[in-house]
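Engineer: Got a structure for you, questions after.
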Amino acid sequence: MKKDIILAGVGGQGILSIAAIIGTAAIESGLHLKQAEVHGMSQRGGDVQSHLRISDKPIHSDLIPNGGADLIISVEPMESLRYLPFLSENGWLITNTNAFVNIPNYPDYDELMETISSFRNHISLDADKIAKDIGSPRSMNMVVLGAASSFLDLPYSKLEEGIKIIFGRKGEKIVEANLEAINVGREVAEQNK
Amino acid sequence: MKKLLLLGNEAIGQGALDAGLSGAYGYPGTPSTEIIEYIQRNPEAIEKDVHRTWSANEKTAMESALGMSYAGKRTIITMKHVGLNVAADAYMNSALTGANGGVIVAVADDPSMHSSQNEQDSRFFAKFALLPVLEPSNQQEAYGMPRLAYEISEKYHLPVMLRITTRLAHSRAGVERGKVLKENEMHLPENKDQFMLLPSFARKKYKHLLSIQKDLEIESENSQFNKYTDGSDKSMGIIACGLAYNYLMENYDECNFPILKIGQYPLPKMKIEKIFRDCDEILVLEEGMPMVEEMLKGFLGNPKIHGRLDGTLERDGELNPKNVRKALGLPKLSSKDIPEVVAGRPPALCVGCPHTDSYKALTEALKEYGKGHVFSDIGCYTLGYLPPHNAIDTCVDMGASISMAIGAADSGFFPAIAAIGDSTFGHSGMTGLLDAVTQKSNVLIIILDNDITAMTGMQDSQVNGRIEQICEGIGVEKEHIRVINPLSKHHEENVKVFKEEIAYKGVSVVIPRRPCIHVYSKKKRK
């Protein structure tokens, strides 16, 4: 078993929480893991990415080779495309469709969506809206993780366990909200596959 | 035992704690910050009350650590590569005083300059100082190396550098813990002149340092971290230092070339000679500058050695699976291009950042003088150079804003303005301010006080709550130390304050004070 995943977004959007939950789930499943993330200057509203590698064998590189990623999971539509050079031929692109516009030259939204739709293997969903609809707008990232959950080859229960471990210290309410968000994300993705 | 999921930096922190650490010193700097942050929140470190507060700068950190070593305890100093420049005086001289309790100098280099103003390679500094270096290739080694570092440090009475680079510093993996060692008992150096560098003593100590280089080389020769793996194909031998080893192995299911993996310096000469003798060509893979390659190639060059110097690899920037693959002569992996629709998204000041309002007022106050008057510094506020702010003009090193403004003012340039953050002011700005006061320079110093060291992720600022008193103590006239509130509703009065202090012929300090919005929102949530 081997999964190479690029997580993408803008600094502050919560991709490191996604990474932490998948990572915890992988370790709980007894797998090897390497996860490279971005700290420092880029976290101030710049593009951020995390290379997440899971395998039942030891992993060498902390970075995924070009054309090697099985998945790109993105919490922002334009950012989902920035890391395409890493995606493998049959890899999947899973992205939030809600644009985070903090630059003056943000591309035309329709053109962006057309580009995403041109990939055969893609799942796109408005995770911000879904999170708002269930009353926890801050759990947008978990909705996206839910949409990606069936591609991870990890038991869903381990992801739930990961959420309980990672958000546990923030209280039962937050855990419940995030568990609901990942579940809704999973259901929406199943319907749109 | 269950594995811990740790960043490379956190693994170093845990490794040092488990190897009997008594005190950690450092100044925050990407990519080194998480070593001390990890120690700060570690329950065992808290229980043992391991020293773990930030120092004013890397030099004071290094010197404090030497003091702890003098008392016989094990210590670690952490910094980013450019921080070693600040600590250089202490570091270079610590090669002569050496250590009593074990000393680790953990330096995180930032090739490709993800969050830095240069990409200097700290191994050169260690070579310059004639001190040993350990360089992990993965998180487990990062955990294990502090133990070895303390053994070497106490055996040879020398500080040991632990060098990592961005990718390992900020990458997580499962780490298995080893036995937890007790802290050293307090004991002063056996030799009471050990830390006395009067010239007559220093000369002897330097000769001693030179004389033990051979022993350090033998340590490297026998080190588990310098591993020679033979291969059947001798057309090429590969020397892979630290993290580079991972990118090499990523590209092979099985590598038939002989490989020398380097994780401990000075270089193991016999092992290097062997791979050099056995193989037709040598490829050197090292993260950072071509240090090993240059040593092997020599000034006149040896066409057999390949790496960054002959273009087999790019001369600058960090390694990755792709550029190492190219250097190995393997076929390119097929991959898609980035679609044209994707625009760049550089980092920017956050929405609601106090610096934005400070810069807006300053820029308006400076309108009549034209562009090019604001010397700035290292921190979030450096992003004020970028549009839409376009508010500052320079960024060189910690504290340079004030000193450069002084020099420009000396040339007759007017107005000469420095914009520096509160933490940077504490790190290296106060001495510059003393120069300004002594020389009665015609400068305006703006200390952007957001209550925190923001860029590196919210560490305490040493000067918090004391900035006015510090400025007054250094000798700035009280009526020219002015605090403003950088909010848009105060814009007009803030512009007026800036204008008045620009007009004042002498040293004036304006302190725009408002907490970083991340500090503010955190407090609000509590």
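Here's how to read the names in the structure tokens: chain A, B, ... by the order shown, residue numbers from 1 in each chain, ligand numbers from 1 in the order shown.
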Near chain A, meaning an atom within 6 Å, which residues of chain B appear when counting only C-alpha atoms? Write them as a list in words.
Structural biologist: Thr30, Ser115, His170, Ser171, Arg172, Ala173, Asn246, Tyr247, Glu250, Pro321, Ser335, Lys336, Asp337, Ile338, Arg345, Pro346, Pro347, Ala348 and Thr456 of chain B
Engineer: Could you save those same residues with all heavy atoms as a compact mmCIF listing (two decimals), in the first residue's frame?
Structural biologist:
```txt
# COMPACT_ATOMS: atom_id res chain seq x y z
N THR B 30 12.77 30.85 11.24
CA THR B 30 12.40 29.76 10.35
C THR B 30 13.64 29.31 9.59
O THR B 30 14.33 30.16 9.06
CB THR B 30 11.32 30.24 9.35
OG1 THR B 30 10.33 30.95 10.09
CG2 THR B 30 10.70 29.09 8.60
N SER B 115 12.13 31.28 3.63
CA SER B 115 11.81 32.34 4.60
C SER B 115 13.08 33.04 5.04
O SER B 115 13.24 33.34 6.22
CB SER B 115 11.13 31.75 5.83
OG SER B 115 9.85 31.26 5.54
N HIS B 170 10.88 20.60 8.80
CA HIS B 170 9.43 20.77 8.73
C HIS B 170 8.72 19.57 8.13
O HIS B 170 7.68 19.71 7.49
CB HIS B 170 9.09 22.05 7.95
CG HIS B 170 9.46 23.29 8.71
ND1 HIS B 170 9.61 24.51 8.13
CD2 HIS B 170 9.73 23.46 10.03
CE1 HIS B 170 9.95 25.40 9.05
NE2 HIS B 170 10.03 24.78 10.21
N SER B 171 9.33 18.41 8.26
CA SER B 171 8.64 17.21 7.79
C SER B 171 8.48 16.25 8.97
O SER B 171 9.38 16.08 9.78
CB SER B 171 9.45 16.55 6.67
OG SER B 171 8.85 15.31 6.33
N ARG B 172 7.30 15.62 9.02
CA ARG B 172 6.94 14.74 10.13
C ARG B 172 7.14 13.29 9.76
O ARG B 172 6.90 12.90 8.61
CB ARG B 172 5.44 14.91 10.39
CG ARG B 172 5.07 15.55 11.65
CD ARG B 172 3.56 15.77 11.67
NE ARG B 172 3.25 17.19 11.53
CZ ARG B 172 3.34 18.05 12.53
NH1 ARG B 172 3.70 17.66 13.72
NH2 ARG B 172 3.08 19.32 12.33
N ALA B 173 7.50 12.48 10.73
CA ALA B 173 7.51 11.03 10.55
C ALA B 173 7.45 10.38 11.92
O ALA B 173 7.65 11.05 12.94
CB ALA B 173 8.76 10.58 9.79
N ASN B 246 18.07 10.64 0.85
CA ASN B 246 16.67 10.23 0.62
C ASN B 246 16.26 10.42 -0.84
O ASN B 246 15.56 9.59 -1.41
CB ASN B 246 15.71 11.04 1.48
CG ASN B 246 16.01 10.92 2.95
OD1 ASN B 246 16.75 10.03 3.34
ND2 ASN B 246 15.48 11.81 3.74
N TYR B 247 16.69 11.54 -1.42
CA TYR B 247 16.32 11.82 -2.81
C TYR B 247 17.02 10.84 -3.74
O TYR B 247 16.50 10.46 -4.79
CB TYR B 247 16.65 13.27 -3.18
CG TYR B 247 15.94 14.28 -2.32
CD1 TYR B 247 16.60 15.39 -1.82
CD2 TYR B 247 14.59 14.11 -2.01
CE1 TYR B 247 15.94 16.32 -1.02
CE2 TYR B 247 13.92 15.04 -1.21
CZ TYR B 247 14.60 16.13 -0.72
OH TYR B 247 13.95 17.05 0.07
N GLU B 250 15.13 7.51 -3.35
CA GLU B 250 13.78 7.62 -3.92
C GLU B 250 13.79 7.25 -5.41
O GLU B 250 12.80 6.76 -5.94
CB GLU B 250 13.27 9.07 -3.74
CG GLU B 250 11.85 9.31 -4.20
CD GLU B 250 10.82 8.61 -3.32
OE1 GLU B 250 11.07 8.47 -2.11
OE2 GLU B 250 9.77 8.20 -3.86
N PRO B 321 13.51 15.27 -5.39
CA PRO B 321 13.64 14.03 -6.17
C PRO B 321 13.90 14.31 -7.66
O PRO B 321 14.60 13.56 -8.32
CB PRO B 321 12.27 13.36 -5.97
CG PRO B 321 11.76 13.91 -4.68
CD PRO B 321 12.26 15.32 -4.61
N SER B 335 5.12 14.38 -16.44
CA SER B 335 4.26 15.13 -15.54
C SER B 335 3.57 16.26 -16.28
O SER B 335 4.04 16.71 -17.33
CB SER B 335 5.06 15.68 -14.35
OG SER B 335 5.94 16.68 -14.79
N LYS B 336 2.46 16.70 -15.71
CA LYS B 336 1.68 17.78 -16.32
C LYS B 336 2.33 19.13 -16.03
O LYS B 336 3.15 19.26 -15.12
CB LYS B 336 0.25 17.77 -15.74
CG LYS B 336 -0.50 16.47 -16.00
CD LYS B 336 -1.85 16.52 -15.30
CE LYS B 336 -2.68 15.29 -15.56
NZ LYS B 336 -2.16 14.07 -14.94
N ASP B 337 1.92 20.14 -16.81
CA ASP B 337 2.39 21.50 -16.54
C ASP B 337 1.38 22.21 -15.62
O ASP B 337 0.23 21.79 -15.53
CB ASP B 337 2.51 22.29 -17.84
CG ASP B 337 3.61 21.71 -18.72
OD1 ASP B 337 4.63 21.24 -18.16
OD2 ASP B 337 3.43 21.71 -19.95
N ILE B 338 1.83 23.29 -15.02
CA ILE B 338 0.89 24.13 -14.26
C ILE B 338 0.04 24.89 -15.28
O ILE B 338 0.60 25.56 -16.15
CB ILE B 338 1.63 25.13 -13.35
CG1 ILE B 338 2.57 24.38 -12.39
CG2 ILE B 338 0.66 26.00 -12.58
CD1 ILE B 338 3.46 25.28 -11.56
N ARG B 345 0.72 33.57 -5.83
CA ARG B 345 0.07 34.07 -4.62
C ARG B 345 1.15 34.27 -3.56
O ARG B 345 1.39 33.42 -2.72
CB ARG B 345 -0.99 33.08 -4.14
CG ARG B 345 -1.90 33.72 -3.08
CD ARG B 345 -2.90 32.78 -2.46
NE ARG B 345 -3.73 31.95 -3.28
CZ ARG B 345 -5.05 32.10 -3.46
NH1 ARG B 345 -5.68 33.10 -2.92
NH2 ARG B 345 -5.73 31.23 -4.18
N PRO B 346 1.83 35.42 -3.62
CA PRO B 346 2.92 35.67 -2.64
C PRO B 346 2.33 35.91 -1.26
O PRO B 346 1.16 36.26 -1.13
CB PRO B 346 3.57 36.94 -3.19
CG PRO B 346 2.52 37.61 -3.99
CD PRO B 346 1.63 36.54 -4.54
N PRO B 347 3.16 35.70 -0.21
CA PRO B 347 2.67 36.02 1.13
C PRO B 347 2.34 37.50 1.23
O PRO B 347 2.88 38.31 0.48
CB PRO B 347 3.84 35.64 2.03
CG PRO B 347 5.02 35.55 1.15
CD PRO B 347 4.53 35.22 -0.22
N ALA B 348 1.46 37.84 2.13
CA ALA B 348 1.04 39.24 2.27
C ALA B 348 0.70 39.52 3.73
O ALA B 348 0.45 38.61 4.51
CB ALA B 348 -0.18 39.49 1.41
N THR B 456 7.49 34.27 12.89
CA THR B 456 7.92 32.90 13.17
C THR B 456 6.85 32.12 13.93
O THR B 456 7.09 31.00 14.35
CB THR B 456 9.22 32.93 13.98
OG1 THR B 456 9.07 33.87 15.04
CG2 THR B 456 10.40 33.32 13.13
```
Engineer: Which neighbours of Glu10 in chain B fall inside 7 Å, counting only C-alpha atoms, when residues of the same chain fewer than 5 positions from it are skipped, and could you give them as a ChimeraX atom specification?
Structural biologist: /B:34-35,38
Engineer: Neighbouring residues of range 169-184 of chain A were defined as those with any atom within 7 Å, considering only C-alpha atoms; residues of the same chain fewer than 2 positions away were excluded. Please report them as a PDB file with N, CA and C atoms, in the first residue's frame.
Structural biologist:
```
ATOM      1  N   ALA A 131     -20.193  23.516   4.797  1.00  0.00           N
ATOM      2  CA  ALA A 131     -19.844  23.695   6.210  1.00  0.00           C
ATOM      3  C   ALA A 131     -20.773  24.706   6.878  1.00  0.00           C
ATOM      4  N   SER A 136     -21.300  24.857  10.931  1.00  0.00           N
ATOM      5  CA  SER A 136     -19.922  24.985  11.434  1.00  0.00           C
ATOM      6  C   SER A 136     -18.979  25.433  10.314  1.00  0.00           C
ATOM      7  N   SER A 139     -15.297  24.390   9.748  1.00  0.00           N
ATOM      8  CA  SER A 139     -14.882  23.009   9.468  1.00  0.00           C
ATOM      9  C   SER A 139     -14.882  22.700   7.967  1.00  0.00           C
ATOM     10  N   MET A 142     -12.594  19.977   6.894  1.00  0.00           N
ATOM     11  CA  MET A 142     -13.017  18.597   7.160  1.00  0.00           C
ATOM     12  C   MET A 142     -14.011  18.110   6.105  1.00  0.00           C
ATOM     13  N   VAL A 143     -14.804  19.037   5.553  1.00  0.00           N
ATOM     14  CA  VAL A 143     -15.703  18.671   4.452  1.00  0.00           C
ATOM     15  C   VAL A 143     -14.856  18.178   3.270  1.00  0.00           C
ATOM     16  N   LEU A 145     -11.801  16.997   3.411  1.00  0.00           N
ATOM     17  CA  LEU A 145     -11.198  15.712   3.781  1.00  0.00           C
ATOM     18  C   LEU A 145     -12.216  14.580   3.609  1.00  0.00           C
ATOM     19  N   GLY A 146     -13.457  14.854   3.994  1.00  0.00           N
ATOM     20  CA  GLY A 146     -14.508  13.851   3.827  1.00  0.00           C
ATOM     21  C   GLY A 146     -14.666  13.456   2.366  1.00  0.00           C
ATOM     22  N   GLU A 160     -11.977   9.118  11.715  1.00  0.00           N
ATOM     23  CA  GLU A 160     -12.797   9.645  12.818  1.00  0.00           C
ATOM     24  C   GLU A 160     -11.997   9.660  14.124  1.00  0.00           C
ATOM     25  N   ILE A 163      -9.705  12.578  14.087  1.00  0.00           N
ATOM     26  CA  ILE A 163     -10.388  13.834  14.434  1.00  0.00           C
ATOM     27  C   ILE A 163     -10.540  13.938  15.958  1.00  0.00           C
ATOM     28  N   LYS A 164     -10.906  12.820  16.575  1.00  0.00           N
ATOM     29  CA  LYS A 164     -11.087  12.847  18.035  1.00  0.00           C
ATOM     30  C   LYS A 164      -9.764  13.168  18.743  1.00  0.00           C
ATOM     31  N   PHE A 167      -8.677  17.067  17.592  1.00  0.00           N
ATOM     32  CA  PHE A 167      -9.530  18.150  18.103  1.00  0.00           C
ATOM     33  C   PHE A 167      -9.972  17.916  19.548  1.00  0.00           C
ATOM     34  N   ARG A 186     -18.086  13.406   2.781  1.00  0.00           N
ATOM     35  CA  ARG A 186     -18.000  12.078   2.202  1.00  0.00           C
ATOM     36  C   ARG A 186     -19.262  11.755   1.388  1.00  0.00           C
ATOM     37  N   GLU A 187     -20.420  12.107   1.964  1.00  0.00           N
ATOM     38  CA  GLU A 187     -21.688  11.816   1.272  1.00  0.00           C
ATOM     39  C   GLU A 187     -21.813  12.598  -0.032  1.00  0.00           C
ATOM     40  N   VAL A 188     -21.472  13.881   0.032  1.00  0.00           N
ATOM     41  CA  VAL A 188     -21.584  14.716  -1.181  1.00  0.00           C
ATOM     42  C   VAL A 188     -20.678  14.155  -2.282  1.00  0.00           C
TER      43      VAL A 188
END
```
Engineer: Write out as a ChimeraX atom specification each polymer residue whose atoms come within 10 Å of Ile305 in chain B, counting only C-alpha atoms; drop sequence neighbours fewer than 2 positions from it.
Structural biologist: /B:236-238,276,280-284,293-294,296-298,301-303,307-310,312
Engineer: State, in Å with one decimal place, the distance from CA of Gly8 in chain B to CA of Asn57 in chain B.
Structural biologist: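 Computed distance, CA of Gly8 in chain B to CA of Asn57 in chain B, equals 22.7 Å.
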Engineer: What does the structure give for the distance between CA of Val497 in chain B and CA of Ile511 in chain B, in Å to one decimal?
Structural biologist: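 Between CA of Val497 in chain B and CA of Ile511 in chain B the gap is 10.5 Å.
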Engineer: Which is closer to Ser150 in chain A than all the others in A:Trp92, A:Ile165, A:Asp110, A:Asp126, using only C-alpha atoms?
Structural biologist: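 Among A:Trp92, A:Ile165, A:Asp110, A:Asp126, it is A:Trp92 that comes nearest to Ser150 in chain A.
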Engineer: Could you state the separation of CA of Gln140 in chain B and CA of His157 in chain B in Å, given to one decimal place?
Structural biologist: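 Pair CA of Gln140 in chain B / CA of His157 in chain B returns 25.6 Å.
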Engineer: When DSSP works through the backbone of this structure, what residues of range 19-112 of chain A end up as strand (DSSP E or B), shown as a PyMOL selection string?
Structural biologist: chain A and resi 32-36+47-55+69-74+87-96
Engineer: Which of range 65-313 of chain B end up as alpha helix (DSSP H) when DSSP is run on this backbone - answer as a PyMOL selection string?
Structural biologist: chain B and resi 65-70+81-86+88-97+122-129+139-156+166-169+199-211+213-221+244-250+269-278+291-297
Engineer: I need the residues from that last selection saved to file as an mmCIF file, in the first residue's frame (with C-alpha atoms), if you can.
Structural biologist:
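Okay, selection-v2.cif is ready:
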```
data_model
loop_
_atom_site.group_PDB
_atom_site.id
_atom_site.type_symbol
_atom_site.label_atom_id
_atom_site.label_comp_id
_atom_site.auth_asym_id
_atom_site.auth_seq_id
_atom_site.Cartn_x
_atom_site.Cartn_y
_atom_site.Cartn_z
ATOM 1 C CA ALA B 65 24.515 27.967 26.807
ATOM 2 C CA LEU B 66 28.280 28.195 27.317
ATOM 3 C CA GLY B 67 27.591 29.263 30.877
ATOM 4 C CA MET B 68 25.401 26.229 31.416
ATOM 5 C CA SER B 69 28.104 24.039 29.884
ATOM 6 C CA TYR B 70 30.666 25.652 32.214
ATOM 7 C CA HIS B 81 21.539 29.837 9.504
ATOM 8 C CA VAL B 82 21.735 33.644 9.536
ATOM 9 C CA GLY B 83 21.392 33.494 13.319
ATOM 10 C CA LEU B 84 24.764 31.783 13.383
ATOM 11 C CA ASN B 85 26.231 34.979 11.933
ATOM 12 C CA VAL B 86 24.923 36.796 14.992
ATOM 13 C CA ALA B 88 29.513 33.775 15.323
ATOM 14 C CA ASP B 89 31.740 35.537 17.852
ATOM 15 C CA ALA B 90 30.668 33.149 20.586
ATOM 16 C CA TYR B 91 30.622 30.122 18.286
ATOM 17 C CA MET B 92 34.122 30.648 16.855
ATOM 18 C CA ASN B 93 35.615 31.216 20.282
ATOM 19 C CA SER B 94 33.763 28.288 21.794
ATOM 20 C CA ALA B 95 35.970 26.128 19.583
ATOM 21 C CA LEU B 96 38.858 27.222 21.831
ATOM 22 C CA THR B 97 37.122 27.237 25.196
ATOM 23 C CA SER B 122 26.401 26.333 8.125
ATOM 24 C CA ARG B 123 28.763 23.414 7.540
ATOM 25 C CA PHE B 124 31.264 26.002 6.250
ATOM 26 C CA PHE B 125 31.118 27.749 9.606
ATOM 27 C CA ALA B 126 31.860 24.501 11.444
ATOM 28 C CA LYS B 127 34.761 23.781 9.095
ATOM 29 C CA PHE B 128 36.024 27.333 9.684
ATOM 30 C CA ALA B 129 35.787 26.802 13.461
ATOM 31 C CA GLN B 139 13.565 12.206 11.688
ATOM 32 C CA GLN B 140 14.821 9.091 13.492
ATOM 33 C CA GLU B 141 18.441 10.225 13.017
ATOM 34 C CA ALA B 142 17.418 13.722 14.122
ATOM 35 C CA TYR B 143 16.159 12.100 17.315
ATOM 36 C CA GLY B 144 19.265 9.953 17.817
ATOM 37 C CA MET B 145 21.996 12.443 16.970
ATOM 38 C CA PRO B 146 21.766 14.657 20.081
ATOM 39 C CA ARG B 147 22.831 11.627 22.126
ATOM 40 C CA LEU B 148 25.952 11.094 20.005
ATOM 41 C CA ALA B 149 26.553 14.853 19.889
ATOM 42 C CA TYR B 150 26.706 15.052 23.688
ATOM 43 C CA GLU B 151 29.042 12.050 23.854
ATOM 44 C CA ILE B 152 31.450 13.635 21.359
ATOM 45 C CA SER B 153 31.051 17.042 22.971
ATOM 46 C CA GLU B 154 31.984 15.747 26.420
ATOM 47 C CA LYS B 155 34.683 13.375 25.172
ATOM 48 C CA TYR B 156 36.577 16.058 23.227
ATOM 49 C CA THR B 166 14.145 23.205 5.838
ATOM 50 C CA ARG B 167 12.624 19.994 4.469
ATOM 51 C CA LEU B 168 13.683 17.784 7.330
ATOM 52 C CA ALA B 169 13.037 20.509 9.899
ATOM 53 C CA PRO B 199 46.184 35.149 24.336
ATOM 54 C CA SER B 200 48.749 32.976 26.101
ATOM 55 C CA PHE B 201 46.053 30.412 26.928
ATOM 56 C CA ALA B 202 44.294 30.780 23.589
ATOM 57 C CA ARG B 203 47.472 29.927 21.662
ATOM 58 C CA LYS B 204 47.763 26.640 23.520
ATOM 59 C CA LYS B 205 44.093 25.894 23.076
ATOM 60 C CA TYR B 206 44.298 26.537 19.336
ATOM 61 C CA LYS B 207 47.224 24.126 19.016
ATOM 62 C CA HIS B 208 45.180 21.591 20.968
ATOM 63 C CA LEU B 209 42.157 22.092 18.699
ATOM 64 C CA LEU B 210 44.384 21.519 15.664
ATOM 65 C CA SER B 211 45.930 18.438 17.243
ATOM 66 C CA GLN B 213 41.312 17.091 14.288
ATOM 67 C CA LYS B 214 42.744 13.684 13.454
ATOM 68 C CA ASP B 215 40.786 12.127 16.326
ATOM 69 C CA LEU B 216 37.580 13.766 15.132
ATOM 70 C CA GLU B 217 38.265 12.321 11.691
ATOM 71 C CA ILE B 218 38.610 8.843 13.204
ATOM 72 C CA GLU B 219 35.285 9.340 14.997
ATOM 73 C CA SER B 220 33.758 10.104 11.597
ATOM 74 C CA GLU B 221 35.494 7.116 10.059
ATOM 75 C CA ALA B 244 20.281 14.185 -0.104
ATOM 76 C CA TYR B 245 20.489 10.450 0.597
ATOM 77 C CA ASN B 246 16.671 10.226 0.615
ATOM 78 C CA TYR B 247 16.317 11.818 -2.809
ATOM 79 C CA LEU B 248 18.943 9.427 -4.140
ATOM 80 C CA MET B 249 17.180 6.335 -2.788
ATOM 81 C CA GLU B 250 13.777 7.625 -3.924
ATOM 82 C CA LYS B 269 39.043 10.504 4.707
ATOM 83 C CA MET B 270 39.587 6.763 4.289
ATOM 84 C CA LYS B 271 36.014 6.161 3.198
ATOM 85 C CA ILE B 272 36.207 9.062 0.755
ATOM 86 C CA GLU B 273 39.512 7.728 -0.609
ATOM 87 C CA LYS B 274 37.951 4.318 -1.108
ATOM 88 C CA ILE B 275 34.971 5.492 -3.151
ATOM 89 C CA PHE B 276 37.260 7.840 -5.088
ATOM 90 C CA ARG B 277 39.687 5.006 -5.885
ATOM 91 C CA ASP B 278 37.051 2.405 -6.713
ATOM 92 C CA MET B 291 31.222 22.159 0.337
ATOM 93 C CA VAL B 292 32.193 18.507 0.056
ATOM 94 C CA GLU B 293 32.339 18.795 -3.704
ATOM 95 C CA GLU B 294 34.686 21.763 -3.527
ATOM 96 C CA MET B 295 36.923 19.977 -1.015
ATOM 97 C CA LEU B 296 37.208 16.935 -3.270
ATOM 98 C CA LYS B 297 37.601 18.900 -6.468
#
```
Engineer: Extract, using only C-alpha atoms, all DNA, RNA and protein residues at most 7 Å from Ile6 in chain A, discarding same-chain residues fewer than 2 positions from it, and format them as an NGL selection string.
Structural biologist: :A and (4 or 8 or 49-52 or 69 or 71-73)
Engineer: Could the residues in this selection be written to a file with C-alpha atoms, as an mmCIF file, in the first residue's frame?
Structural biologist:
```cif
data_model
loop_
_atom_site.group_PDB
_atom_site.id
_atom_site.type_symbol
_atom_site.label_atom_id
_atom_site.label_comp_id
_atom_site.auth_asym_id
_atom_site.auth_seq_id
_atom_site.Cartn_x
_atom_site.Cartn_y
_atom_site.Cartn_z
ATOM 1 C CA ASP A 4 1.207 10.031 -2.114
ATOM 2 C CA ALA A 8 -2.987 22.518 -1.098
ATOM 3 C CA GLN A 49 1.254 22.888 0.371
ATOM 4 C CA SER A 50 1.994 19.725 2.246
ATOM 5 C CA HIS A 51 3.460 16.530 0.829
ATOM 6 C CA LEU A 52 1.897 13.587 2.625
ATOM 7 C CA ALA A 69 0.948 11.875 -6.442
ATOM 8 C CA LEU A 71 -4.243 12.654 -4.961
ATOM 9 C CA ILE A 72 -4.327 16.404 -4.792
ATOM 10 C CA ILE A 73 -6.618 17.556 -1.993
#
```
